[in-house]
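Below: the structure, in structure tokens.
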Protein chains: 2
Amino acid sequence: MVTIAVLGYGTVGSGVVEVLEKNKDSINKKAGKQIRLKYVLDRKEFKDNPINARLTHDIEDILNDDEVQVIAEVMGGVEPAYTFVKKALLKGKSVVTSNKELVAKHGAELLKIAKEENINFLFEASVGGGIPIIRPLNQSLTADEIYQITGILNGTTNYILTKMSEEGLDFDSVLKEAQDLGYAERNPEADVEGHDACRKIAILSSLAFGMHVDYKDIYTEGITKISDRDMVYAKQIGCDIKLLATSKKIDDKVYAVVAPIMIGNDHPLSNVNGVFNAIFVKGNVIGDVMFYGKGAGKLPTASAVVADIVDAVKHLGTNIISFWSKKKMKMMSIDEVPAKYFIRVKRDEESKAIINKIFGFVHVVYSGYEDEIAFITEEEKEGELQEKVKALQEDTEVLNVIRVEK
Amino acid sequence: MVTIAVLGYGTVGSGVVEVLEKNKDSINKKAGKQIRLKYVLDRKEFKDNPINARLTHDIEDILNDDEVQVIAEVMGGVEPAYTFVKKALLKGKSVVTSNKELVAKHGAELLKIAKEENINFLFEASVGGGIPIIRPLNQSLTADEIYQITGILNGTTNYILTKMSEEGLDFDSVLKEAQDLGYAERNPEADVEGHDACRKIAILSSLAFGMHVDYKDIYTEGITKISDRDMVYAKQIGCDIKLLATSKKIDDKVYAVVAPIMIGNDHPLSNVNGVFNAIFVKGNVIGDVMFYGKGAGKLPTASAVVADIVDAVKHLGTNIISFWSKKKMKMMSIDEVPAKYFIRVKRDEESKAIINKIFGFVHVVYSGYEDEIAFITEEEKEGELQEKVKALQEDTEVLNVIRVEK
């Protein structure tokens with residue numbers, strides 16, 4: 001028998017308790033041992049809830065109980081999660097977590113402690129909710145050198161973009177609807193500004209490339225500027241607009257970008273709709289692989305947390321090797337990254353001439369909107385494109401700029 | 001250092017040797033030990049090929065060499081692979097294989113021997129080529145009870161169906177083109193009649209449900225009867241035709257079917273095109289997840305074989321638990337499975353009346369072909385639908401029957 005504790009009894013925490021109970025027999029069989037939940041840590045009281053029998057408000061109860069060998073941290077946020085997790089690992093307890101802020105910020109250090117203590121720090125649920133991606137990256141794609149990861153890593157923004165695309169609605173009304181349905185937070189900034197996806201691609205890149213990719217070094221753009229008109233243009237050129245988080249290794253450098261992209265309809269990621277997430281991985285042997293599923297939600301996330309608990313129980317006293325050194329990965333400036341831009345400007349008598357003067361040959365995109373001109377540039381380095389956009393802004397009104405991958 | 005041997009120097013075997021050399025440093029790092037290839041077994045000679053230094057024609061050289069701890073079997077076919085693998089396992093050597101015939105037929109027994117010997121029998125490459133699916137099923141989806149697996153498991157047939165759908169060509173001309181391009185064998189029966197997909201879904205089902213699903217018990221239908229007209233009708237109803245291998249658990253019984261299916265365009269599997277494969281899994285907690293990638297080919301398959309070698313090296317002396325008892329799974333008769341049929345009959349004065357008499361209300365599908373009538377039935381048990389098709393055949397000419405999932 002292995003004794004465990006769960007830190008946090010919110011959405012994910014209550015899901016973890018539910019799943020452990022629901023699939024008890026098969027989980028114990030797969031873990032090879034019986035799993036016994038002894039503690040749930042939460043600040044709140046839960047009136048008339050059987051969880052009360054296991055509830056504690058004091059982390060020390062758990063840290064000082066030698067019976068506890070595995071802890072699931074599902075509180076979210078950097079503190080106090082970081083302090084609790086570090087203490088637990090130093091006490092020789094394996095920790096599994098769904099906390100992307102914690103992993104993106106302190107993953108390298110916590111993995112190192114787990115290795116030194118010969119226990120495990122696992123975080124499958126921190127990226128892609130229920131989708132198995134951390135374990136496949138670590139344990140399945142071992143024959144490959146991974147050189148690119150591109151993901152739809154945020155369900156809220158994908159829901160919003162899908163609705164905008166399918167129903168021709170504008171951003172604000174879809175956001176409001178998503179908030180009413182509980183798919184978006186009342187304060188949606190972390191999702192719609194791309195910060196959530198940024199932390200997740202930082203975690204995936206660090207794991208895939210074996211060195212620390214700091215989320216603060218990742219160029220991040222959200223979807224708030226995407227309009228219903230942009231969706232019309234995207235369809236016109238056989239694309240969908242998705243918030244893509246990409247990181248790519250070129251020689252010994254990595255670039256990482258989170259931004260809305262017009263992506264061709266023949267790409268598997270363009271068919272990932274609604275609250276679903278997907279992660280597209282390129283390896284130098286395997287070619288392209290993709291992992292698809294629900295990227296958030298109580299039960300899918302709990303599924304990944306419990307799978308990590310099972311793995312931690314199976315590997316008590318054996319560190320499952322992870323390659324994520326504390327050494328910072330060399331990042332390529334976004335200015336150096338090749339890109340193509342879709343650009344819309346207000347139409348007047350001179351706009352065509354101005355565009356041609358600055359960009360030379362461009363592909364004009366027709367849409368039926370008489371008050372604007374839209375075009376796609378040739379591929380150039382982002383730095384040069386940005387310079388040209390600046391020049392364009394001096395002479396005309398630029399309505400939007402979106403990257404194109406097609 | 002861990003010493004290994006490769007059995008078979010054909011397409012996959014030479015790929016394995018190539019990958020071990022190409023990504024040597026990262027592979028050794030992930031394995032935690034240096035991997036040394038000592039033997040390659042093949043009947044042939046390879047003139048002026050550096051592999052000759054490691055070539056042997058006698059399996060006993062490998063079996064009797066105590067240095068060899070891991071063997072990759074990539075010969076294909078049941079014999080002599082089965083005899084070689086069994087002997088190797090009984091000698092305490094871990095075995096990894098890409099051989100679906102071997103795994104579908106003897107997987108349960110070989111897994112049992114590996115468990116008794118405290119070594120490993122791994123077969124990631126036997127299903128879905130490079131796509132990580134066996135390890136995720138075994139190690140990632142452990143919190144779930146899997147109740148359904150549906151896959152596009154054969155690249156050759158998916159290539160043919162994609163070409164037919166995109167270019168309006170008939171089966172025979174696309175098959176010929178696929179043969180010329182090397183995507184289909186000169187004797188294409190194993191692929192186009194569904195036997196290959198049948199063995200693969202047998203393996204996945206056995207693993208997911210923990211009991212032996214015999215491939216001989218799986219209802220299997222190929223794609224040879226699919227015509228260009230069927231593709232036109234499929235598009236008409238918002239579907240694509242795919243060769244799907246499905247197994248589903250209902251209570252303590254399983255049904256498994258391999259057949260061409262008209263599947264709705266909003267299903268992620270309908271967007272899996274060309275030689276790509278994908279496996280769609282449903283769990284009682286995680287919901288839907290999908291794994292996508294190249295299902296065949298030298299390097300993708302070698303990627304999975306080498307990943308298994310790395311896992312075997314990391315787990316020398318530790319059996320990674322697999323649940324696949326020799327006990328036969330109770331199979332549900334296909335007659336009991338609910339289905340909807342798309343049916344085309346030759347049009348004459350009476351055909352409409354005959355259809356209505358036998359099927360009652362049906363959904364007619366219009367196509368512009370004046371010489372036939374096509375319709376979709378209501379959902380009924382396959383047994384009852386088959387009876388009705390028989391009755392229909394007595395009174396009119398039935399041109400084709402295809403299952404519909406939409």
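Chain identifiers are assigned as A, B, and so on, following the order in which chains appear in the structure tokens; residues are numbered from 1 within each chain, and ligands are numbered from 1 in order of appearance.
Residues in contact range of A:Leu153, defined as at most 7 Å between only C-alpha atoms, with sequence neighbours fewer than 2 positions away removed, read A:Gly128, A:Gly151, A:Gly155, A:Ala197, A:Lys200, A:Asn277, A:Ala278, A:Gly295.
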Subject >> Proximal residues of chain B relative to chain A (only C-alpha atoms; 7 Å) as a PyMOL selection string >> reply: chain B and resi 23+27+30+130-132+136+140-144+285-293+299-300+303+306-307
Taking N, CA and C atoms for each residue, export the selection above as an mmCIF file, in the first residue's frame.
data_model
loop_
_atom_site.group_PDB
_atom_site.id
_atom_site.type_symbol
_atom_site.label_atom_id
_atom_site.label_comp_id
_atom_site.auth_asym_id
_atom_site.auth_seq_id
_atom_site.Cartn_x
_atom_site.Cartn_y
_atom_site.Cartn_z
ATOM 1 N N ASN B 23 21.625 9.186 -34.269
ATOM 2 C CA ASN B 23 21.329 9.907 -33.024
ATOM 3 C C ASN B 23 22.032 9.282 -31.824
ATOM 4 N N ILE B 27 20.672 9.235 -27.943
ATOM 5 C CA ILE B 27 20.093 7.939 -27.559
ATOM 6 C C ILE B 27 20.809 7.374 -26.338
ATOM 7 N N LYS B 30 19.744 9.282 -23.267
ATOM 8 C CA LYS B 30 18.406 8.951 -22.779
ATOM 9 C C LYS B 30 18.350 7.543 -22.200
ATOM 10 N N GLY B 130 5.599 4.694 -36.229
ATOM 11 C CA GLY B 130 6.292 5.549 -35.277
ATOM 12 C C GLY B 130 5.399 6.156 -34.210
ATOM 13 N N ILE B 131 4.096 6.109 -34.378
ATOM 14 C CA ILE B 131 3.195 6.783 -33.436
ATOM 15 C C ILE B 131 3.297 6.153 -32.054
ATOM 16 N N PRO B 132 3.583 6.946 -31.035
ATOM 17 C CA PRO B 132 3.564 6.379 -29.693
ATOM 18 C C PRO B 132 2.121 6.035 -29.308
ATOM 19 N N PRO B 136 1.830 4.893 -24.417
ATOM 20 C CA PRO B 136 0.769 5.703 -23.807
ATOM 21 C C PRO B 136 -0.390 4.858 -23.256
ATOM 22 N N SER B 140 0.418 5.875 -19.842
ATOM 23 C CA SER B 140 -0.131 7.220 -19.668
ATOM 24 C C SER B 140 -1.612 7.197 -19.314
ATOM 25 N N LEU B 141 -2.367 6.327 -19.959
ATOM 26 C CA LEU B 141 -3.812 6.352 -19.745
ATOM 27 C C LEU B 141 -4.209 5.430 -18.592
ATOM 28 N N THR B 142 -3.378 5.402 -17.545
ATOM 29 C CA THR B 142 -3.571 4.443 -16.454
ATOM 30 C C THR B 142 -4.679 4.850 -15.505
ATOM 31 N N ALA B 143 -5.096 6.115 -15.533
ATOM 32 C CA ALA B 143 -6.174 6.540 -14.639
ATOM 33 C C ALA B 143 -7.537 6.166 -15.209
ATOM 34 N N ASP B 144 -7.548 5.785 -16.477
ATOM 35 C CA ASP B 144 -8.798 5.579 -17.199
ATOM 36 C C ASP B 144 -9.145 4.121 -17.378
ATOM 37 N N VAL B 285 -12.567 8.705 -18.143
ATOM 38 C CA VAL B 285 -12.222 9.931 -17.431
ATOM 39 C C VAL B 285 -11.697 10.978 -18.402
ATOM 40 N N ILE B 286 -10.758 10.587 -19.233
ATOM 41 C CA ILE B 286 -10.055 11.536 -20.101
ATOM 42 C C ILE B 286 -10.922 12.005 -21.264
ATOM 43 N N GLY B 287 -11.971 11.230 -21.603
ATOM 44 C CA GLY B 287 -12.748 11.563 -22.795
ATOM 45 C C GLY B 287 -12.017 11.065 -24.028
ATOM 46 N N ASP B 288 -11.931 11.933 -25.054
ATOM 47 C CA ASP B 288 -11.322 11.531 -26.328
ATOM 48 C C ASP B 288 -9.870 11.982 -26.419
ATOM 49 N N VAL B 289 -9.003 11.090 -26.818
ATOM 50 C CA VAL B 289 -7.636 11.487 -27.180
ATOM 51 C C VAL B 289 -7.294 10.839 -28.507
ATOM 52 N N MET B 290 -6.385 11.473 -29.253
ATOM 53 C CA MET B 290 -5.996 10.904 -30.531
ATOM 54 C C MET B 290 -4.486 11.017 -30.711
ATOM 55 N N PHE B 291 -3.909 9.989 -31.331
ATOM 56 C CA PHE B 291 -2.486 9.940 -31.608
ATOM 57 C C PHE B 291 -2.318 9.820 -33.117
ATOM 58 N N TYR B 292 -1.473 10.660 -33.697
ATOM 59 C CA TYR B 292 -1.396 10.805 -35.147
ATOM 60 C C TYR B 292 0.046 10.772 -35.619
ATOM 61 N N GLY B 293 0.308 10.114 -36.719
ATOM 62 C CA GLY B 293 1.656 10.139 -37.283
ATOM 63 C C GLY B 293 1.788 9.171 -38.434
ATOM 64 N N LEU B 299 12.064 4.845 -41.512
ATOM 65 C CA LEU B 299 12.531 5.604 -40.352
ATOM 66 C C LEU B 299 11.486 5.744 -39.245
ATOM 67 N N PRO B 300 10.212 6.060 -39.565
ATOM 68 C CA PRO B 300 9.234 6.121 -38.469
ATOM 69 C C PRO B 300 9.162 4.804 -37.677
ATOM 70 N N SER B 303 12.195 4.445 -35.589
ATOM 71 C CA SER B 303 12.117 5.334 -34.428
ATOM 72 C C SER B 303 11.444 4.623 -33.244
ATOM 73 N N VAL B 306 13.730 1.727 -31.922
ATOM 74 C CA VAL B 306 14.861 2.225 -31.126
ATOM 75 C C VAL B 306 14.367 2.787 -29.781
ATOM 76 N N ALA B 307 13.199 3.437 -29.777
ATOM 77 C CA ALA B 307 12.641 3.914 -28.501
ATOM 78 C C ALA B 307 12.397 2.736 -27.559
#
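Minimum atom-to-atom distances from A:Lys235, A:Ile160, A:Asn356, A:Glu45 to A:Glu177 were compared using only C-alpha atoms, and the lowest value belongs to A:Ile160.
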Subject >> Long-range neighbours of A:Arg43 as number ranges by chain, 9 Å cut-off, only C-alpha atoms, 2 positions minimum in chain >> reply: A: 8-9, 41, 45, 56-58
Using C-alpha atoms, can you write the selected residues to a file as a PDB file, in the first residue's frame?
ATOM      1  CA  GLY A   8      -5.899  21.644  -3.015  1.00  0.00           C
ATOM      2  CA  TYR A   9      -9.546  20.603  -3.242  1.00  0.00           C
ATOM      3  CA  LEU A  41      -5.044  19.986   2.116  1.00  0.00           C
ATOM      4  CA  GLU A  45     -14.102  23.703   5.107  1.00  0.00           C
ATOM      5  CA  THR A  56      -6.213  19.202   6.943  1.00  0.00           C
ATOM      6  CA  HIS A  57      -5.385  22.925   6.876  1.00  0.00           C
ATOM      7  CA  ASP A  58      -1.744  22.406   7.816  1.00  0.00           C
TER       8      ASP A  58
END
Check stretch 30-178 of chain A with DSSP on the backbone and list each residue it calls helix (DSSP H, G or I), as a short mmCIF file (atom, residue, chain, number, x, y, z; two decimals) with N, CA and C atoms, in the first residue's frame.
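Listed below is the output, selection-v7.cif:
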data_model
loop_
_atom_site.label_atom_id
_atom_site.label_comp_id
_atom_site.auth_asym_id
_atom_site.auth_seq_id
_atom_site.Cartn_x
_atom_site.Cartn_y
_atom_site.Cartn_z
N LYS A 30 -2.95 -1.29 -12.04
CA LYS A 30 -1.89 -0.73 -12.89
C LYS A 30 -0.73 -0.20 -12.07
N ALA A 31 -1.03 0.32 -10.87
CA ALA A 31 0.05 0.82 -10.01
C ALA A 31 0.82 -0.35 -9.38
N PRO A 50 -17.81 14.03 2.56
CA PRO A 50 -16.99 12.96 3.16
C PRO A 50 -15.49 13.27 3.13
N ILE A 51 -15.09 14.27 2.31
CA ILE A 51 -13.67 14.61 2.23
C ILE A 51 -13.16 15.14 3.57
N ASN A 52 -14.11 15.65 4.41
CA ASN A 52 -13.72 16.21 5.71
C ASN A 52 -12.89 15.25 6.56
N ALA A 53 -13.17 13.95 6.41
CA ALA A 53 -12.44 12.96 7.21
C ALA A 53 -10.95 12.98 6.90
N ARG A 54 -10.60 13.49 5.70
CA ARG A 54 -9.19 13.51 5.30
C ARG A 54 -8.62 14.92 5.24
N ILE A 59 -0.05 22.06 6.11
CA ILE A 59 0.84 21.28 5.25
C ILE A 59 1.81 20.43 6.09
N GLU A 60 2.13 20.91 7.30
CA GLU A 60 3.10 20.17 8.12
C GLU A 60 2.59 18.78 8.50
N ASP A 61 1.25 18.65 8.64
CA ASP A 61 0.67 17.33 8.92
C ASP A 61 1.11 16.33 7.87
N ILE A 62 1.14 16.79 6.63
CA ILE A 62 1.47 15.91 5.51
C ILE A 62 2.98 15.72 5.40
N LEU A 63 3.72 16.84 5.49
CA LEU A 63 5.17 16.76 5.34
C LEU A 63 5.80 15.90 6.43
N ALA A 81 2.62 26.96 -3.51
CA ALA A 81 2.88 25.64 -4.11
C ALA A 81 4.38 25.32 -4.13
N TYR A 82 5.19 26.32 -4.56
CA TYR A 82 6.63 26.07 -4.69
C TYR A 82 7.24 25.66 -3.36
N THR A 83 6.92 26.41 -2.30
CA THR A 83 7.47 26.10 -0.98
C THR A 83 7.05 24.70 -0.53
N PHE A 84 5.77 24.38 -0.71
CA PHE A 84 5.26 23.07 -0.28
C PHE A 84 5.94 21.93 -1.06
N VAL A 85 6.02 22.11 -2.40
CA VAL A 85 6.56 21.04 -3.25
C VAL A 85 8.04 20.81 -2.96
N LYS A 86 8.77 21.90 -2.82
CA LYS A 86 10.22 21.77 -2.56
C LYS A 86 10.46 21.04 -1.23
N LYS A 87 9.72 21.46 -0.20
CA LYS A 87 9.85 20.79 1.10
C LYS A 87 9.53 19.31 0.99
N ALA A 88 8.47 19.00 0.26
CA ALA A 88 8.05 17.60 0.12
C ALA A 88 9.14 16.78 -0.56
N LEU A 89 9.69 17.31 -1.65
CA LEU A 89 10.74 16.58 -2.38
C LEU A 89 11.95 16.38 -1.48
N LEU A 90 12.32 17.44 -0.74
CA LEU A 90 13.49 17.33 0.14
C LEU A 90 13.26 16.32 1.26
N LYS A 100 1.19 24.67 -14.12
CA LYS A 100 2.12 25.11 -15.17
C LYS A 100 2.98 26.29 -14.76
N GLU A 101 2.43 27.20 -13.92
CA GLU A 101 3.24 28.34 -13.46
C GLU A 101 4.44 27.81 -12.66
N LEU A 102 4.16 26.86 -11.77
CA LEU A 102 5.21 26.28 -10.94
C LEU A 102 6.27 25.59 -11.80
N VAL A 103 5.82 24.77 -12.77
CA VAL A 103 6.77 23.99 -13.57
C VAL A 103 7.57 24.90 -14.48
N ALA A 104 6.90 25.89 -15.13
CA ALA A 104 7.62 26.78 -16.04
C ALA A 104 8.68 27.57 -15.28
N LYS A 105 8.38 27.95 -14.04
CA LYS A 105 9.32 28.78 -13.28
C LYS A 105 10.38 27.95 -12.56
N HIS A 106 9.98 26.86 -11.94
CA HIS A 106 10.93 26.14 -11.07
C HIS A 106 11.16 24.69 -11.49
N GLY A 107 10.69 24.29 -12.68
CA GLY A 107 10.79 22.90 -13.11
C GLY A 107 12.20 22.34 -13.03
N ALA A 108 13.17 23.09 -13.57
CA ALA A 108 14.55 22.58 -13.62
C ALA A 108 15.06 22.28 -12.20
N GLU A 109 14.81 23.20 -11.28
CA GLU A 109 15.29 23.00 -9.90
C GLU A 109 14.59 21.82 -9.23
N LEU A 110 13.29 21.73 -9.40
CA LEU A 110 12.53 20.67 -8.73
C LEU A 110 12.89 19.29 -9.31
N LEU A 111 13.12 19.23 -10.63
CA LEU A 111 13.57 17.97 -11.24
C LEU A 111 14.92 17.55 -10.69
N LYS A 112 15.79 18.54 -10.47
CA LYS A 112 17.14 18.25 -9.96
C LYS A 112 17.05 17.67 -8.53
N ILE A 113 16.21 18.30 -7.71
CA ILE A 113 16.05 17.79 -6.33
C ILE A 113 15.51 16.36 -6.38
N ALA A 114 14.49 16.13 -7.25
CA ALA A 114 13.91 14.79 -7.34
C ALA A 114 14.98 13.77 -7.73
N LYS A 115 15.85 14.16 -8.64
CA LYS A 115 16.90 13.25 -9.08
C LYS A 115 17.85 12.95 -7.92
N GLU A 116 18.24 14.00 -7.20
CA GLU A 116 19.17 13.82 -6.06
C GLU A 116 18.55 12.94 -4.97
N GLU A 117 17.24 13.07 -4.79
CA GLU A 117 16.57 12.30 -3.74
C GLU A 117 16.13 10.92 -4.23
N GLU A 124 2.68 15.75 -16.01
CA GLU A 124 1.92 15.50 -17.24
C GLU A 124 0.74 16.46 -17.38
N ALA A 125 0.06 16.76 -16.28
CA ALA A 125 -1.17 17.58 -16.35
C ALA A 125 -0.89 19.06 -16.54
N SER A 126 0.38 19.47 -16.49
CA SER A 126 0.67 20.91 -16.59
C SER A 126 0.55 21.42 -18.02
N ILE A 134 3.88 14.90 -22.03
CA ILE A 134 5.15 14.95 -21.29
C ILE A 134 5.81 13.57 -21.29
N ARG A 135 5.02 12.52 -20.97
CA ARG A 135 5.58 11.18 -20.90
C ARG A 135 6.02 10.69 -22.28
N PRO A 136 5.20 10.86 -23.34
CA PRO A 136 5.70 10.51 -24.67
C PRO A 136 6.98 11.24 -25.06
N LEU A 137 7.07 12.54 -24.75
CA LEU A 137 8.30 13.28 -25.09
C LEU A 137 9.49 12.67 -24.37
N ASN A 138 9.28 12.32 -23.11
CA ASN A 138 10.35 11.81 -22.27
C ASN A 138 10.70 10.35 -22.55
N GLN A 139 9.66 9.56 -22.83
CA GLN A 139 9.88 8.12 -22.84
C GLN A 139 9.61 7.46 -24.18
N SER A 140 8.85 8.11 -25.07
CA SER A 140 8.54 7.44 -26.34
C SER A 140 9.40 7.96 -27.48
N LEU A 141 9.61 9.26 -27.53
CA LEU A 141 10.32 9.82 -28.68
C LEU A 141 11.83 9.86 -28.41
N THR A 142 12.34 8.82 -27.75
CA THR A 142 13.74 8.83 -27.31
C THR A 142 14.72 8.53 -28.43
N ALA A 143 14.23 7.96 -29.54
CA ALA A 143 15.14 7.68 -30.66
C ALA A 143 15.39 8.93 -31.48
N GLY A 155 -7.33 25.99 -24.40
CA GLY A 155 -8.67 25.65 -24.84
C GLY A 155 -9.60 26.84 -24.95
N THR A 156 -9.43 27.81 -24.06
CA THR A 156 -10.30 28.98 -24.06
C THR A 156 -10.17 29.75 -25.37
N THR A 157 -8.93 30.05 -25.75
CA THR A 157 -8.72 30.82 -26.99
C THR A 157 -9.12 30.00 -28.21
N ASN A 158 -8.92 28.68 -28.15
CA ASN A 158 -9.29 27.88 -29.31
C ASN A 158 -10.82 27.82 -29.45
N TYR A 159 -11.50 27.78 -28.30
CA TYR A 159 -12.96 27.84 -28.34
C TYR A 159 -13.42 29.16 -28.96
N ILE A 160 -12.82 30.26 -28.53
CA ILE A 160 -13.21 31.58 -29.04
C ILE A 160 -12.95 31.68 -30.55
N LEU A 161 -11.75 31.27 -30.99
CA LEU A 161 -11.40 31.37 -32.41
C LEU A 161 -12.29 30.45 -33.26
N THR A 162 -12.60 29.26 -32.74
CA THR A 162 -13.46 28.34 -33.49
C THR A 162 -14.85 28.94 -33.68
N LYS A 163 -15.39 29.51 -32.59
CA LYS A 163 -16.72 30.14 -32.66
C LYS A 163 -16.71 31.30 -33.64
N MET A 164 -15.66 32.12 -33.57
CA MET A 164 -15.56 33.26 -34.49
C MET A 164 -15.52 32.78 -35.93
N SER A 165 -14.76 31.72 -36.16
CA SER A 165 -14.61 31.20 -37.51
C SER A 165 -15.90 30.58 -38.03
N GLU A 166 -16.57 29.80 -37.16
CA GLU A 166 -17.75 29.07 -37.62
C GLU A 166 -18.98 29.94 -37.72
N GLU A 167 -19.08 30.94 -36.82
CA GLU A 167 -20.32 31.70 -36.77
C GLU A 167 -20.18 33.15 -37.19
N PHE A 171 -14.83 39.08 -31.66
CA PHE A 171 -14.15 38.61 -30.47
C PHE A 171 -14.92 38.89 -29.19
N ASP A 172 -15.38 40.13 -29.01
CA ASP A 172 -15.99 40.50 -27.74
C ASP A 172 -17.24 39.70 -27.42
N SER A 173 -18.09 39.48 -28.43
CA SER A 173 -19.33 38.75 -28.11
C SER A 173 -19.04 37.27 -27.84
N VAL A 174 -18.06 36.70 -28.54
CA VAL A 174 -17.74 35.29 -28.25
C VAL A 174 -17.09 35.16 -26.88
N LEU A 175 -16.23 36.13 -26.53
CA LEU A 175 -15.61 36.08 -25.20
C LEU A 175 -16.69 36.12 -24.12
N LYS A 176 -17.66 36.99 -24.30
CA LYS A 176 -18.71 37.12 -23.30
C LYS A 176 -19.48 35.80 -23.16
N GLU A 177 -19.78 35.20 -24.30
CA GLU A 177 -20.49 33.92 -24.30
C GLU A 177 -19.65 32.85 -23.60
N ALA A 178 -18.35 32.84 -23.90
CA ALA A 178 -17.47 31.84 -23.29
C ALA A 178 -17.41 32.04 -21.78
#
**OP:** Just give me the gap between atom CA of A:Gly13 and atom CA of A:Asp42 in Å, one decimal is fine.
**Re:** 9.7 Å
**OP:** Could you give me, as a VMD selection string, each residue of stretch 121-307 of chain A that DSSP assigns to strand (DSSP E) when run on this structure's backbone?
**Re:** chain A and resid 121 to 122 146 to 152 211 to 212 219 to 220 239 to 250 253 to 264 276 to 283 287 to 294
Subject >> Contacts of A:Glu193 at 12 Å (only C-alpha atoms; same-chain gap of 3+ positions) as an MDAnalysis selection string >> reply: chainID A and resid 154 156:157 187:190 196:199 219:226 243 258:260
